[in-house]
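One file, my_file_19.txt, is given below (compact mmCIF, C-alpha atoms).
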```txt
# COMPACT_ATOMS: atom_id res chain seq x y z
CA MET A 16 0.00 0.00 0.00
CA PRO A 17 1.51 3.40 -0.89
CA ARG A 18 2.24 5.77 1.96
CA PRO A 19 -0.34 8.48 2.45
CA ALA A 20 0.51 11.71 0.65
CA SER A 21 0.77 13.63 3.91
CA GLY A 22 3.72 11.42 4.82
CA ALA A 23 5.59 12.67 1.78
CA ARG A 24 5.14 16.28 2.84
CA GLU A 25 6.53 15.59 6.30
CA ARG A 26 9.40 13.51 4.96
CA ILE A 27 10.39 16.34 2.62
CA LEU A 28 10.43 18.84 5.50
CA GLU A 29 12.39 16.52 7.81
CA THR A 30 14.88 15.74 5.05
CA THR A 31 15.26 19.45 4.32
CA LEU A 32 16.01 20.06 7.99
CA VAL A 33 18.79 17.48 7.98
CA LEU A 34 20.24 19.02 4.80
CA LEU A 35 20.10 22.51 6.34
CA ARG A 36 21.74 21.30 9.53
CA GLU A 37 24.49 19.63 7.54
CA GLY A 38 25.30 22.39 5.08
CA GLY A 39 22.91 25.32 5.15
CA LEU A 40 20.84 26.76 2.38
CA SER A 41 23.05 25.68 -0.47
CA ALA A 42 23.12 22.05 0.69
CA ALA A 43 19.31 21.89 0.54
CA GLY A 44 18.93 21.32 -3.18
CA LEU A 45 15.62 20.10 -4.59
CA ASN A 46 17.24 16.92 -5.92
CA ASP A 47 18.66 16.06 -2.49
CA MET A 48 15.31 16.76 -0.86
CA VAL A 49 13.63 14.31 -3.21
CA GLY A 50 16.43 11.77 -3.22
CA ARG A 51 16.94 11.53 0.51
CA SER A 52 13.29 11.75 1.49
CA ALA A 53 12.31 9.10 -1.09
CA ALA A 54 9.29 11.28 -1.84
CA PRO A 55 7.95 11.35 -5.38
CA LYS A 56 9.28 14.41 -7.20
CA GLY A 57 5.74 15.47 -8.03
CA SER A 58 4.95 15.80 -4.31
CA LEU A 59 7.59 18.55 -4.07
CA TYR A 60 5.71 20.73 -6.53
CA HIS A 61 2.34 19.64 -5.18
CA TYR A 62 3.00 20.61 -1.58
CA PHE A 63 5.43 23.46 -2.17
CA PRO A 64 4.39 25.24 -5.35
CA ALA A 65 6.50 28.29 -4.48
CA GLY A 66 9.68 26.19 -4.54
CA LYS A 67 12.79 25.99 -2.43
CA THR A 68 12.31 29.10 -0.30
CA GLN A 69 8.85 27.90 0.72
CA ILE A 70 10.22 24.49 1.65
CA VAL A 71 13.07 25.98 3.69
CA ILE A 72 10.77 28.39 5.52
CA GLU A 73 8.27 25.62 6.30
CA ALA A 74 11.08 23.35 7.47
CA LEU A 75 12.40 26.09 9.78
CA GLU A 76 8.86 26.58 11.09
CA VAL A 77 8.85 22.90 12.06
CA TYR A 78 12.32 23.27 13.58
CA ALA A 79 11.88 26.52 15.54
CA PRO A 80 9.29 25.34 18.11
CA ARG A 81 11.18 22.07 18.51
CA VAL A 82 14.38 23.88 19.57
CA GLY A 83 12.29 26.34 21.58
CA ALA A 84 10.78 23.42 23.50
CA GLN A 85 14.26 22.00 24.17
CA ILE A 86 15.38 25.37 25.56
CA ALA A 87 12.23 25.73 27.66
CA ARG A 88 12.41 22.16 28.97
CA ALA A 89 16.07 22.35 29.97
CA LEU A 90 15.57 25.68 31.77
CA ALA A 91 12.19 24.87 33.34
CA SER A 92 13.29 22.39 35.96
CA ARG A 93 13.60 23.23 39.64
CA HIS A 94 17.34 22.82 39.66
CA PRO A 95 19.68 25.73 40.31
CA LEU A 96 20.52 27.85 37.27
CA PRO A 97 24.02 26.42 36.56
CA ARG A 98 22.55 22.91 36.41
CA ARG A 99 19.75 24.01 34.06
CA ILE A 100 22.20 25.84 31.78
CA LYS A 101 24.44 22.80 31.74
CA ALA A 102 21.45 20.61 30.86
CA LEU A 103 20.68 22.80 27.83
CA PHE A 104 24.22 22.92 26.47
CA SER A 105 24.87 19.23 27.24
CA ALA A 106 21.70 18.18 25.40
CA THR A 107 22.88 20.23 22.40
CA ALA A 108 26.30 18.59 22.60
CA ASP A 109 24.70 15.13 22.82
CA ARG A 110 22.63 15.79 19.70
CA MET A 111 25.70 16.96 17.81
CA GLN A 112 27.72 13.98 18.99
CA SER A 113 24.97 11.58 17.89
CA THR A 114 25.53 12.69 14.28
CA GLY A 115 29.32 12.68 14.54
CA PHE A 116 29.26 16.49 14.65
CA ARG A 117 27.95 16.52 11.07
CA GLU A 118 24.88 18.61 11.98
CA SER A 119 24.43 21.84 13.88
CA CYS A 120 21.70 24.49 14.12
CA ALA A 121 19.65 24.75 10.92
CA VAL A 122 18.95 28.46 11.45
CA GLY A 123 22.61 29.25 12.09
CA ALA A 124 23.66 27.47 8.90
CA VAL A 125 20.99 29.27 6.85
CA VAL A 126 21.91 32.71 8.23
CA LEU A 127 25.53 32.35 7.14
CA ASP A 128 24.38 31.51 3.59
CA LEU A 129 21.89 34.36 3.10
CA ALA A 130 22.03 36.40 -0.09
CA ASP A 131 20.24 39.66 -0.87
CA ALA A 132 17.46 37.74 -2.60
CA ASP A 133 16.68 35.90 0.65
CA ALA A 134 15.13 38.87 2.47
CA GLU A 135 12.04 36.98 3.60
CA LEU A 136 14.08 34.05 4.80
CA ARG A 137 16.43 36.38 6.66
CA SER A 138 13.60 38.05 8.54
CA ARG A 139 12.14 34.62 9.44
CA CYS A 140 15.53 33.55 10.81
CA ALA A 141 15.79 36.77 12.83
CA ALA A 142 12.31 36.17 14.23
CA ILE A 143 13.18 32.58 15.17
CA LEU A 144 16.36 33.70 16.96
CA ASP A 145 14.34 36.39 18.77
CA GLY A 146 11.77 33.80 19.78
CA TRP A 147 14.43 31.48 21.18
CA ALA A 148 15.98 34.40 23.09
CA LEU A 149 12.59 35.19 24.65
CA THR A 150 12.10 31.54 25.57
CA ALA A 151 15.56 31.48 27.15
CA ALA A 152 14.84 34.75 29.00
CA ALA A 153 11.68 33.22 30.48
CA GLY A 154 13.81 30.35 31.78
CA LEU A 155 16.04 32.69 33.79
CA PRO A 156 13.60 33.89 36.50
CA GLU A 157 16.45 34.33 39.00
CA LEU A 158 17.67 37.34 37.03
CA PRO A 159 16.15 40.80 37.49
CA SER A 160 13.35 41.04 34.92
CA ALA A 161 14.99 44.03 33.20
CA ARG A 162 18.11 41.95 32.54
CA ARG A 163 16.44 38.82 31.23
CA PRO A 164 15.94 39.89 27.57
CA ALA A 165 19.64 40.72 27.08
CA ALA A 166 20.66 37.55 28.93
CA GLY A 167 18.37 35.49 26.69
CA ARG A 168 19.90 36.99 23.53
CA HIS A 169 23.38 36.44 24.98
CA LEU A 170 22.54 32.79 25.62
CA ILE A 171 21.48 32.32 21.99
CA SER A 172 24.67 33.95 20.64
CA LEU A 173 26.68 31.64 22.83
CA LEU A 174 24.70 28.55 21.88
CA GLU A 175 25.17 29.31 18.17
CA GLY A 176 28.86 30.17 18.47
CA ALA A 177 29.69 27.21 20.68
CA GLN A 178 27.93 24.81 18.28
CA LEU A 179 30.10 26.22 15.52
CA GLN A 180 33.28 25.63 17.54
CA SER A 181 32.11 22.17 18.64
CA ARG A 182 31.49 21.24 15.03
CA ALA A 183 34.93 22.45 13.90
CA ARG A 184 36.67 20.54 16.70
CA GLN A 185 34.29 17.57 16.69
CA SER A 186 34.16 17.91 20.43
CA PRO A 187 31.44 18.72 22.98
CA GLN A 188 33.94 20.81 24.97
CA PRO A 189 33.14 24.27 23.50
CA LEU A 190 29.46 23.76 24.39
CA LEU A 191 30.33 22.60 27.92
CA ASP A 192 32.73 25.54 28.36
CA ALA A 193 30.01 27.90 27.15
CA ALA A 194 27.59 26.55 29.77
CA ALA A 195 30.07 27.24 32.55
CA ALA A 196 30.83 30.73 31.22
CA PHE A 197 27.16 31.63 30.83
CA SER A 198 26.40 30.48 34.38
CA ARG A 199 29.21 32.65 35.66
CA TYR A 200 27.85 35.62 33.72
CA ALA A 201 24.28 34.97 34.91
CA ALA A 202 25.40 34.71 38.52
CA THR A 203 26.56 38.34 38.39
CA TRP A 204 22.91 39.36 37.98
CA ILE A 205 21.58 37.21 40.81
CA ARG A 206 21.43 38.60 44.32
CA PRO A 207 22.10 36.02 46.99
CA ALA A 208 18.94 35.05 48.87
CA GLN A 209 18.49 37.12 52.05
CA MET B 29 50.07 46.43 -19.89
CA PRO B 30 48.62 43.21 -18.43
CA ARG B 31 48.65 42.82 -14.67
CA PRO B 32 51.44 40.63 -13.37
CA ALA B 33 50.45 37.02 -12.89
CA SER B 34 50.97 37.23 -9.14
CA GLY B 35 48.11 39.74 -9.03
CA ALA B 36 45.74 37.14 -10.41
CA ARG B 37 46.62 34.71 -7.63
CA GLU B 38 45.94 37.31 -4.95
CA ARG B 39 42.73 38.46 -6.60
CA ILE B 40 41.45 34.89 -6.69
CA LEU B 41 42.17 34.44 -2.98
CA GLU B 42 40.58 37.78 -2.02
CA THR B 43 37.52 37.03 -4.15
CA THR B 44 37.25 33.59 -2.59
CA LEU B 45 37.30 35.19 0.86
CA VAL B 46 34.41 37.48 -0.03
CA LEU B 47 32.45 34.53 -1.41
CA LEU B 48 33.13 32.49 1.74
CA ARG B 49 32.10 35.39 3.97
CA GLU B 50 28.89 35.83 1.99
CA GLY B 51 27.78 32.24 1.73
CA GLY B 52 30.31 29.71 2.96
CA LEU B 53 31.85 26.83 1.11
CA SER B 54 29.05 26.26 -1.35
CA ALA B 55 29.00 29.92 -2.43
CA ALA B 56 32.66 29.71 -3.42
CA GLY B 57 32.23 28.06 -6.81
CA LEU B 58 35.09 28.07 -9.29
CA ASN B 59 33.05 30.06 -11.83
CA ASP B 60 32.31 32.79 -9.27
CA MET B 61 35.96 32.90 -8.24
CA VAL B 62 36.98 33.49 -11.84
CA GLY B 63 34.08 35.78 -12.72
CA ARG B 64 34.33 38.09 -9.74
CA SER B 65 38.13 38.23 -9.58
CA ALA B 66 38.35 38.88 -13.34
CA ALA B 67 41.31 36.49 -13.34
CA PRO B 68 41.89 34.37 -16.42
CA LYS B 69 40.41 30.90 -15.88
CA GLY B 70 43.76 29.33 -16.69
CA SER B 71 45.32 31.07 -13.68
CA LEU B 72 42.96 29.11 -11.40
CA TYR B 73 44.44 25.81 -12.54
CA HIS B 74 47.93 27.25 -12.77
CA TYR B 75 48.10 28.53 -9.19
CA PHE B 76 45.77 26.00 -7.58
CA PRO B 77 46.24 22.68 -9.35
CA ALA B 78 44.54 20.79 -6.49
CA GLY B 79 41.29 22.68 -7.07
CA LYS B 80 38.68 24.24 -4.85
CA THR B 81 39.78 22.83 -1.49
CA GLN B 82 43.29 24.17 -2.06
CA ILE B 83 41.94 27.62 -2.94
CA VAL B 84 39.67 27.70 0.10
CA ILE B 85 42.45 26.58 2.45
CA GLU B 86 44.88 29.15 1.03
CA ALA B 87 42.22 31.87 1.26
CA LEU B 88 41.58 30.98 4.91
CA GLU B 89 45.34 31.10 5.52
CA VAL B 90 45.32 34.67 4.25
CA TYR B 91 42.28 35.43 6.38
CA ALA B 92 43.30 33.82 9.68
CA PRO B 93 46.28 36.08 10.56
CA ARG B 94 44.32 39.12 9.43
CA VAL B 95 41.54 38.41 11.95
CA GLY B 96 44.13 37.38 14.50
CA ALA B 97 45.81 40.77 14.11
CA GLN B 98 42.45 42.53 14.56
CA ILE B 99 41.86 40.62 17.79
CA ALA B 100 45.39 41.29 19.04
CA ARG B 101 45.28 45.00 18.13
CA ALA B 102 41.90 45.63 19.79
CA LEU B 103 42.97 43.86 22.99
CA ALA B 104 46.54 45.19 23.12
CA SER B 105 45.83 48.80 24.05
CA ARG B 106 46.35 50.17 27.54
CA HIS B 107 42.67 50.76 28.09
CA PRO B 108 40.71 48.86 30.73
CA LEU B 109 39.39 45.47 29.66
CA PRO B 110 35.74 46.48 29.00
CA ARG B 111 36.92 49.18 26.61
CA ARG B 112 39.25 46.80 24.75
CA ILE B 113 36.52 44.16 24.46
CA LYS B 114 34.11 46.78 23.19
CA ALA B 115 36.71 47.91 20.63
CA LEU B 116 36.98 44.36 19.28
CA PHE B 117 33.25 43.72 18.98
CA SER B 118 32.55 47.24 17.66
CA ALA B 119 35.19 46.87 14.95
CA THR B 120 33.57 43.57 13.93
CA ALA B 121 30.15 45.25 13.88
CA ASP B 122 31.54 48.12 11.77
CA ARG B 123 32.97 45.71 9.22
CA MET B 124 29.65 43.87 9.00
CA GLN B 125 27.73 47.12 8.69
CA SER B 126 30.04 48.33 5.89
CA THR B 127 28.83 45.41 3.73
CA GLY B 128 25.18 45.80 4.70
CA PHE B 129 25.50 42.70 6.92
CA ARG B 130 26.05 40.59 3.80
CA GLU B 131 29.35 39.18 5.06
CA SER B 132 30.40 37.55 8.31
CA CYS B 133 33.29 35.33 9.43
CA ALA B 134 34.64 33.18 6.57
CA VAL B 135 35.66 30.38 8.95
CA GLY B 136 32.27 30.33 10.64
CA ALA B 137 30.48 30.06 7.31
CA VAL B 138 32.79 27.27 6.13
CA VAL B 139 32.40 25.26 9.34
CA LEU B 140 28.60 25.17 9.03
CA ASP B 141 28.96 23.80 5.46
CA LEU B 142 31.46 21.02 6.16
CA ALA B 143 30.80 17.55 4.75
CA ASP B 144 32.59 14.31 5.59
CA ALA B 145 34.83 14.75 2.56
CA ASP B 146 36.14 18.04 3.98
CA ALA B 147 38.21 16.51 6.80
CA GLU B 148 41.36 18.50 6.01
CA LEU B 149 39.41 21.74 5.74
CA ARG B 150 37.66 20.99 9.02
CA SER B 151 40.91 20.49 10.88
CA ARG B 152 42.31 23.73 9.39
CA CYS B 153 39.21 25.60 10.58
CA ALA B 154 39.57 24.09 14.05
CA ALA B 155 43.23 25.15 14.12
CA ILE B 156 42.34 28.71 13.05
CA LEU B 157 39.67 28.98 15.76
CA ASP B 158 42.18 27.66 18.31
CA GLY B 159 44.75 30.20 17.14
CA TRP B 160 42.29 33.06 17.52
CA ALA B 161 41.35 31.81 21.00
CA LEU B 162 45.04 31.82 22.01
CA THR B 163 45.46 35.34 20.60
CA ALA B 164 42.41 36.48 22.55
CA ALA B 165 43.70 34.78 25.70
CA ALA B 166 47.00 36.66 25.39
CA GLY B 167 45.00 39.90 25.26
CA LEU B 168 43.37 39.23 28.64
CA PRO B 169 46.38 39.60 30.99
CA GLU B 170 44.14 40.83 33.83
CA LEU B 171 42.73 37.32 34.17
CA PRO B 172 44.54 34.63 36.19
CA SER B 173 46.75 32.80 33.68
CA ALA B 174 45.01 29.47 34.34
CA ARG B 175 41.69 31.03 33.27
CA ARG B 176 42.84 32.75 30.10
CA PRO B 177 42.66 29.80 27.68
CA ALA B 178 38.99 29.08 28.51
CA ALA B 179 38.18 32.80 28.42
CA GLY B 180 39.82 33.09 25.00
CA ARG B 181 37.77 30.18 23.64
CA HIS B 182 34.65 31.67 25.19
CA LEU B 183 35.35 34.99 23.49
CA ILE B 184 35.63 33.26 20.09
CA SER B 185 32.34 31.37 20.57
CA LEU B 186 30.67 34.63 21.45
CA LEU B 187 32.21 36.53 18.55
CA GLU B 188 31.04 33.85 16.10
CA GLY B 189 27.55 33.53 17.57
CA ALA B 190 27.00 37.28 17.86
CA GLN B 191 28.08 37.80 14.23
CA LEU B 192 25.49 35.23 13.25
CA GLN B 193 22.75 37.05 15.19
CA SER B 194 23.91 40.45 13.89
CA ARG B 195 23.71 39.16 10.36
CA ALA B 196 20.20 37.75 10.83
CA ARG B 197 18.95 40.99 12.37
CA GLN B 198 21.08 43.30 10.20
CA SER B 199 21.99 45.09 13.38
CA PRO B 200 25.22 45.68 15.32
CA GLN B 201 23.33 45.21 18.58
CA PRO B 202 24.03 41.49 19.19
CA LEU B 203 27.77 42.19 18.86
CA LEU B 204 27.57 45.17 21.22
CA ASP B 205 25.51 43.14 23.71
CA ALA B 206 28.07 40.35 23.50
CA ALA B 207 30.88 42.77 24.36
CA ALA B 208 29.07 43.92 27.49
CA ALA B 209 28.28 40.36 28.52
CA PHE B 210 31.85 39.16 27.97
CA SER B 211 33.24 42.04 30.01
CA ARG B 212 30.89 41.14 32.82
CA TYR B 213 32.00 37.52 32.66
CA ALA B 214 35.69 38.50 32.51
CA ALA B 215 35.33 40.81 35.51
CA THR B 216 34.40 37.82 37.67
CA TRP B 217 37.94 36.52 37.18
CA ILE B 218 39.69 39.80 37.95
CA ARG B 219 40.64 40.65 41.50
CA PRO B 220 40.35 44.31 42.33
CA ALA B 221 43.75 45.98 42.66
CA GLN B 222 44.95 46.05 46.27
```
What do you get writing this file as structure tokens?
Amino acid sequence: MPRPASGARERILETTLVLLREGGLSAAGLNDMVGRSAAPKGSLYHYFPAGKTQIVIEALEVYAPRVGAQIARALASRHPLPRRIKALFSATADRMQSTGFRESCAVGAVVLDLADADAELRSRCAAILDGWALTAAAGLPELPSARRPAAGRHLISLLEGAQLQSRARQSPQPLLDAAAAFSRYAATWIRPAQ
Amino acid sequence: MPRPASGARERILETTLVLLREGGLSAAGLNDMVGRSAAPKGSLYHYFPAGKTQIVIEALEVYAPRVGAQIARALASRHPLPRRIKALFSATADRMQSTGFRESCAVGAVVLDLADADAELRSRCAAILDGWALTAAAGLPELPSARRPAAGRHLISLLEGAQLQSRARQSPQPLLDAAAAFSRYAATWIRPAQ
């Protein structure tokens, strides 16, 4: 029995995400999307009539809440802040290690490939990064509320940059170092309990 | 009078660097290298017989000491640490702004495009990032010497991640925020003068 058509749509988006994580925008070619998802080529044009940019944007819209949930989950526990931060960066390191450091953040890889023609995609990426920063900020209730937005954005810069260094070195260490450094930074905003 | 042949070699490397900064490994196609450098196609094969990987590696070897010198220069002044850190991140923001946020770090963009076949390129990128981290560490003499290596690596993660966010938002703000956050982190390692 053939797979239902909706399966093809999801497989194309999931395949696109892997391609983006591996090599950014330019690695996500239509032929690779079809080849690696084993979806019929016609389904590409059926589900995504506007072409590659539509597919990439829809794939990132699948990806963004998934990463947001990982950030929220790691930071939501009752543990002290350093342990929550470490949980977030360690989980990112574990995911990278599970693919032999072949994949990193899909949004990060897309941003570093953007051309002038990709204005819509750029603004979607900016919005996703902003959303993650807000999610991170909400997970830092120990900080004074006025400081949380900047701390959330700082955490996202660090998460992106440390993934990049972990990928280059094929090592979780840059992500683990980043967790320790962020906790040290965050502690400067936390008043000791009276 | 035709330009000397050595000019063609340099133009190819400089053009390759711009292409890498704009879009990473996949944006640096041989046709673009030739077209944008206005070098004769034969010079590509003459100077770089091993092809694209050789060109990219040689371009990154031109780039690495240049960025290293920018890091060293910004951090070498006699100003207090927060001002030196701000100088480094501001200079990076200015360079990004001068290209309309179309270009960011060439090494960062290459790393997020790496495939399994790019093992040599990956290890060169890791070595360049390590070199920059050591240069940064040497520019943080206020910190206890045992802490400098980790602080240098942290600074590089932050510089890469903040460039990525600045590019997505087309704003210098993530880089300026990163400078303030790094200074705050660094201050936790500095004992006040007796």
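Using all atoms listed in the file, the nearest neighbour of chain B within the list A:Leu96, A:Leu59, A:Ala183, A:Leu75 is A:Ala183.
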Give me, as a Markdown table, the closest atom pair and its distance (Å, one decimal) for every residue of chain A within a cut-off of 8 Å of chain B, counting all atoms listed in the file, rows sorted by chain and rising number.
```
| residue | atom | partner | partner_atom | distance |
| --- | --- | --- | --- | --- |
| A:Arg36 | CA | B:Leu140 | CA | 7.9 |
| A:Glu37 | CA | B:Asp141 | CA | 6.5 |
| A:Gly38 | CA | B:Asp141 | CA | 3.9 |
| A:Gly39 | CA | B:Asp141 | CA | 6.2 |
| A:Ser41 | CA | B:Ser54 | CA | 6.1 |
| A:Ala42 | CA | B:Ser54 | CA | 7.6 |
| A:Arg117 | CA | B:Ala143 | CA | 7.0 |
| A:Ser119 | CA | B:Leu140 | CA | 7.2 |
| A:Gly123 | CA | B:Leu192 | CA | 6.7 |
| A:Ala124 | CA | B:Leu140 | CA | 5.5 |
| A:Val126 | CA | B:Ala196 | CA | 5.9 |
| A:Leu127 | CA | B:Ala137 | CA | 5.5 |
| A:Asp128 | CA | B:Gly51 | CA | 3.9 |
| A:Leu129 | CA | B:Gly51 | CA | 6.4 |
| A:Ala130 | CA | B:Arg130 | CA | 7.0 |
| A:Asp131 | CA | B:Arg130 | CA | 7.5 |
| A:Arg137 | CA | B:Ala196 | CA | 5.8 |
| A:Ser138 | CA | B:Ala196 | CA | 7.0 |
| A:Cys140 | CA | B:Ala196 | CA | 6.3 |
| A:Ala141 | CA | B:Ala196 | CA | 4.9 |
| A:Leu144 | CA | B:Gln193 | CA | 7.4 |
| A:Ala165 | CA | B:Asp205 | CA | 7.2 |
| A:Arg168 | CA | B:Pro202 | CA | 7.5 |
| A:His169 | CA | B:Ala206 | CA | 6.3 |
| A:Ile171 | CA | B:Gly189 | CA | 7.6 |
| A:Ser172 | CA | B:Gly189 | CA | 4.2 |
| A:Leu173 | CA | B:Leu186 | CA | 5.2 |
| A:Leu174 | CA | B:Gly189 | CA | 7.2 |
| A:Glu175 | CA | B:Gly189 | CA | 4.9 |
| A:Gly176 | CA | B:Gly189 | CA | 3.7 |
| A:Ala177 | CA | B:Ser185 | CA | 4.9 |
| A:Leu179 | CA | B:Val139 | CA | 6.7 |
| A:Gln180 | CA | B:Ser185 | CA | 6.6 |
| A:Arg182 | CA | B:Val139 | CA | 7.0 |
| A:Ala183 | CA | B:Ala154 | CA | 4.9 |
| A:Arg184 | CA | B:Ala154 | CA | 5.3 |
| A:Pro189 | CA | B:Arg181 | CA | 7.5 |
| A:Asp192 | CA | B:His182 | CA | 7.2 |
| A:Ala193 | CA | B:His182 | CA | 6.3 |
| A:Ala196 | CA | B:Tyr213 | CA | 7.0 |
| A:Phe197 | CA | B:Tyr213 | CA | 7.8 |
| A:Arg199 | CA | B:Tyr213 | CA | 6.4 |
| A:Tyr200 | CA | B:Tyr213 | CA | 4.7 |
| A:Thr203 | CA | B:Arg212 | CA | 7.6 |
```
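Going from atom CA of B:Arg111 over to atom CA of B:Arg94, you cover 21.2 Å.
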**Study point:** Surrounding residues of B:Phe76 excluding itself and chain neighbours under 6 positions, 9 Å, only C-alpha atoms, as a ChimeraX atom specification
**Key:** /B:37,82-83
Exercise for review: Counting only C-alpha atoms, select every polymer residue within 12 Å of (41.2, 32.1, -4.7) as defined in the file's coordinates, and provide the selection as a VMD selection string.
Suggested key: chain B and resid 34 to 48 56 to 69 71 to 91
Limited to C-alpha atoms, could you put the picked residues into a file as a PDB file, keeping the file's coordinate frame?
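Dumped to selection-v7.pdb:
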```pdb
ATOM      1  CA  SER B  34      50.970  37.230  -9.140  1.00  0.00           C
ATOM      2  CA  GLY B  35      48.110  39.740  -9.030  1.00  0.00           C
ATOM      3  CA  ALA B  36      45.740  37.140 -10.410  1.00  0.00           C
ATOM      4  CA  ARG B  37      46.620  34.710  -7.630  1.00  0.00           C
ATOM      5  CA  GLU B  38      45.940  37.310  -4.950  1.00  0.00           C
ATOM      6  CA  ARG B  39      42.730  38.460  -6.600  1.00  0.00           C
ATOM      7  CA  ILE B  40      41.450  34.890  -6.690  1.00  0.00           C
ATOM      8  CA  LEU B  41      42.170  34.440  -2.980  1.00  0.00           C
ATOM      9  CA  GLU B  42      40.580  37.780  -2.020  1.00  0.00           C
ATOM     10  CA  THR B  43      37.520  37.030  -4.150  1.00  0.00           C
ATOM     11  CA  THR B  44      37.250  33.590  -2.590  1.00  0.00           C
ATOM     12  CA  LEU B  45      37.300  35.190   0.860  1.00  0.00           C
ATOM     13  CA  VAL B  46      34.410  37.480  -0.030  1.00  0.00           C
ATOM     14  CA  LEU B  47      32.450  34.530  -1.410  1.00  0.00           C
ATOM     15  CA  LEU B  48      33.130  32.490   1.740  1.00  0.00           C
ATOM     16  CA  ALA B  56      32.660  29.710  -3.420  1.00  0.00           C
ATOM     17  CA  GLY B  57      32.230  28.060  -6.810  1.00  0.00           C
ATOM     18  CA  LEU B  58      35.090  28.070  -9.290  1.00  0.00           C
ATOM     19  CA  ASN B  59      33.050  30.060 -11.830  1.00  0.00           C
ATOM     20  CA  ASP B  60      32.310  32.790  -9.270  1.00  0.00           C
ATOM     21  CA  MET B  61      35.960  32.900  -8.240  1.00  0.00           C
ATOM     22  CA  VAL B  62      36.980  33.490 -11.840  1.00  0.00           C
ATOM     23  CA  GLY B  63      34.080  35.780 -12.720  1.00  0.00           C
ATOM     24  CA  ARG B  64      34.330  38.090  -9.740  1.00  0.00           C
ATOM     25  CA  SER B  65      38.130  38.230  -9.580  1.00  0.00           C
ATOM     26  CA  ALA B  66      38.350  38.880 -13.340  1.00  0.00           C
ATOM     27  CA  ALA B  67      41.310  36.490 -13.340  1.00  0.00           C
ATOM     28  CA  PRO B  68      41.890  34.370 -16.420  1.00  0.00           C
ATOM     29  CA  LYS B  69      40.410  30.900 -15.880  1.00  0.00           C
ATOM     30  CA  SER B  71      45.320  31.070 -13.680  1.00  0.00           C
ATOM     31  CA  LEU B  72      42.960  29.110 -11.400  1.00  0.00           C
ATOM     32  CA  TYR B  73      44.440  25.810 -12.540  1.00  0.00           C
ATOM     33  CA  HIS B  74      47.930  27.250 -12.770  1.00  0.00           C
ATOM     34  CA  TYR B  75      48.100  28.530  -9.190  1.00  0.00           C
ATOM     35  CA  PHE B  76      45.770  26.000  -7.580  1.00  0.00           C
ATOM     36  CA  PRO B  77      46.240  22.680  -9.350  1.00  0.00           C
ATOM     37  CA  ALA B  78      44.540  20.790  -6.490  1.00  0.00           C
ATOM     38  CA  GLY B  79      41.290  22.680  -7.070  1.00  0.00           C
ATOM     39  CA  LYS B  80      38.680  24.240  -4.850  1.00  0.00           C
ATOM     40  CA  THR B  81      39.780  22.830  -1.490  1.00  0.00           C
ATOM     41  CA  GLN B  82      43.290  24.170  -2.060  1.00  0.00           C
ATOM     42  CA  ILE B  83      41.940  27.620  -2.940  1.00  0.00           C
ATOM     43  CA  VAL B  84      39.670  27.700   0.100  1.00  0.00           C
ATOM     44  CA  ILE B  85      42.450  26.580   2.450  1.00  0.00           C
ATOM     45  CA  GLU B  86      44.880  29.150   1.030  1.00  0.00           C
ATOM     46  CA  ALA B  87      42.220  31.870   1.260  1.00  0.00           C
ATOM     47  CA  LEU B  88      41.580  30.980   4.910  1.00  0.00           C
ATOM     48  CA  GLU B  89      45.340  31.100   5.520  1.00  0.00           C
ATOM     49  CA  VAL B  90      45.320  34.670   4.250  1.00  0.00           C
ATOM     50  CA  TYR B  91      42.280  35.430   6.380  1.00  0.00           C
TER      51      TYR B  91
END
```
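Closest approach to A:Gly146 among A:Leu158, A:Arg110, A:Gln188, A:Pro164 is made by A:Pro164 (distances from only C-alpha atoms).
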Kindly provide, as lines of an AutoDock Vina configuration file, the centre and edge lengths (Å, one decimal) of an axis-aligned box around all atoms of stretch 137-140 of chain B given in the file, with 5 Å on each side.
```
center_x = 30.7
center_y = 27.6
center_z = 7.7
size_x = 14.2
size_y = 14.9
size_z = 13.2
```
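Separating atom CA of A:Gly83 from atom CA of B:Leu204 is a distance of 24.3 Å.
Computed from the coordinates, the atom CA of A:Val82 to atom CA of A:Pro187 distance equals 18.1 Å.
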Point to revise | Test item: residues at most 9 Å from B:Arg101, all atoms listed in the file, excluding those fewer than 4 positions along its chain, as number ranges by chain | key: B: 96-97, 105, 116, 167
Residues from the last selection, C-alpha atoms, saved as a CSV table (one decimal), in the coordinates of the input:
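The resulting file, selection_28.csv, is shown below:
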```csv
chain,number,residue,atom,x,y,z
B,96,GLY,CA,44.1,37.4,14.5
B,97,ALA,CA,45.8,40.8,14.1
B,105,SER,CA,45.8,48.8,24.0
B,116,LEU,CA,37.0,44.4,19.3
B,167,GLY,CA,45.0,39.9,25.3
```
**Study point:** Who sits within 10 Å of A:Ala153, only C-alpha atoms, same chain under 6 positions skipped, as a ChimeraX atom specification
**Key:** /A:86-87,90-91,147,160,163-164,167
For the selection you just gave me, I'd like the residues written to a file as a PDB file, in the frame of the given file, keeping C-alpha atoms.
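To be explicit, this is the file written out as result_19.pdb:
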```pdb
ATOM      1  CA  ILE A  86      15.380  25.370  25.560  1.00  0.00           C
ATOM      2  CA  ALA A  87      12.230  25.730  27.660  1.00  0.00           C
ATOM      3  CA  LEU A  90      15.570  25.680  31.770  1.00  0.00           C
ATOM      4  CA  ALA A  91      12.190  24.870  33.340  1.00  0.00           C
ATOM      5  CA  TRP A 147      14.430  31.480  21.180  1.00  0.00           C
ATOM      6  CA  SER A 160      13.350  41.040  34.920  1.00  0.00           C
ATOM      7  CA  ARG A 163      16.440  38.820  31.230  1.00  0.00           C
ATOM      8  CA  PRO A 164      15.940  39.890  27.570  1.00  0.00           C
ATOM      9  CA  GLY A 167      18.370  35.490  26.690  1.00  0.00           C
TER      10      GLY A 167
END
```
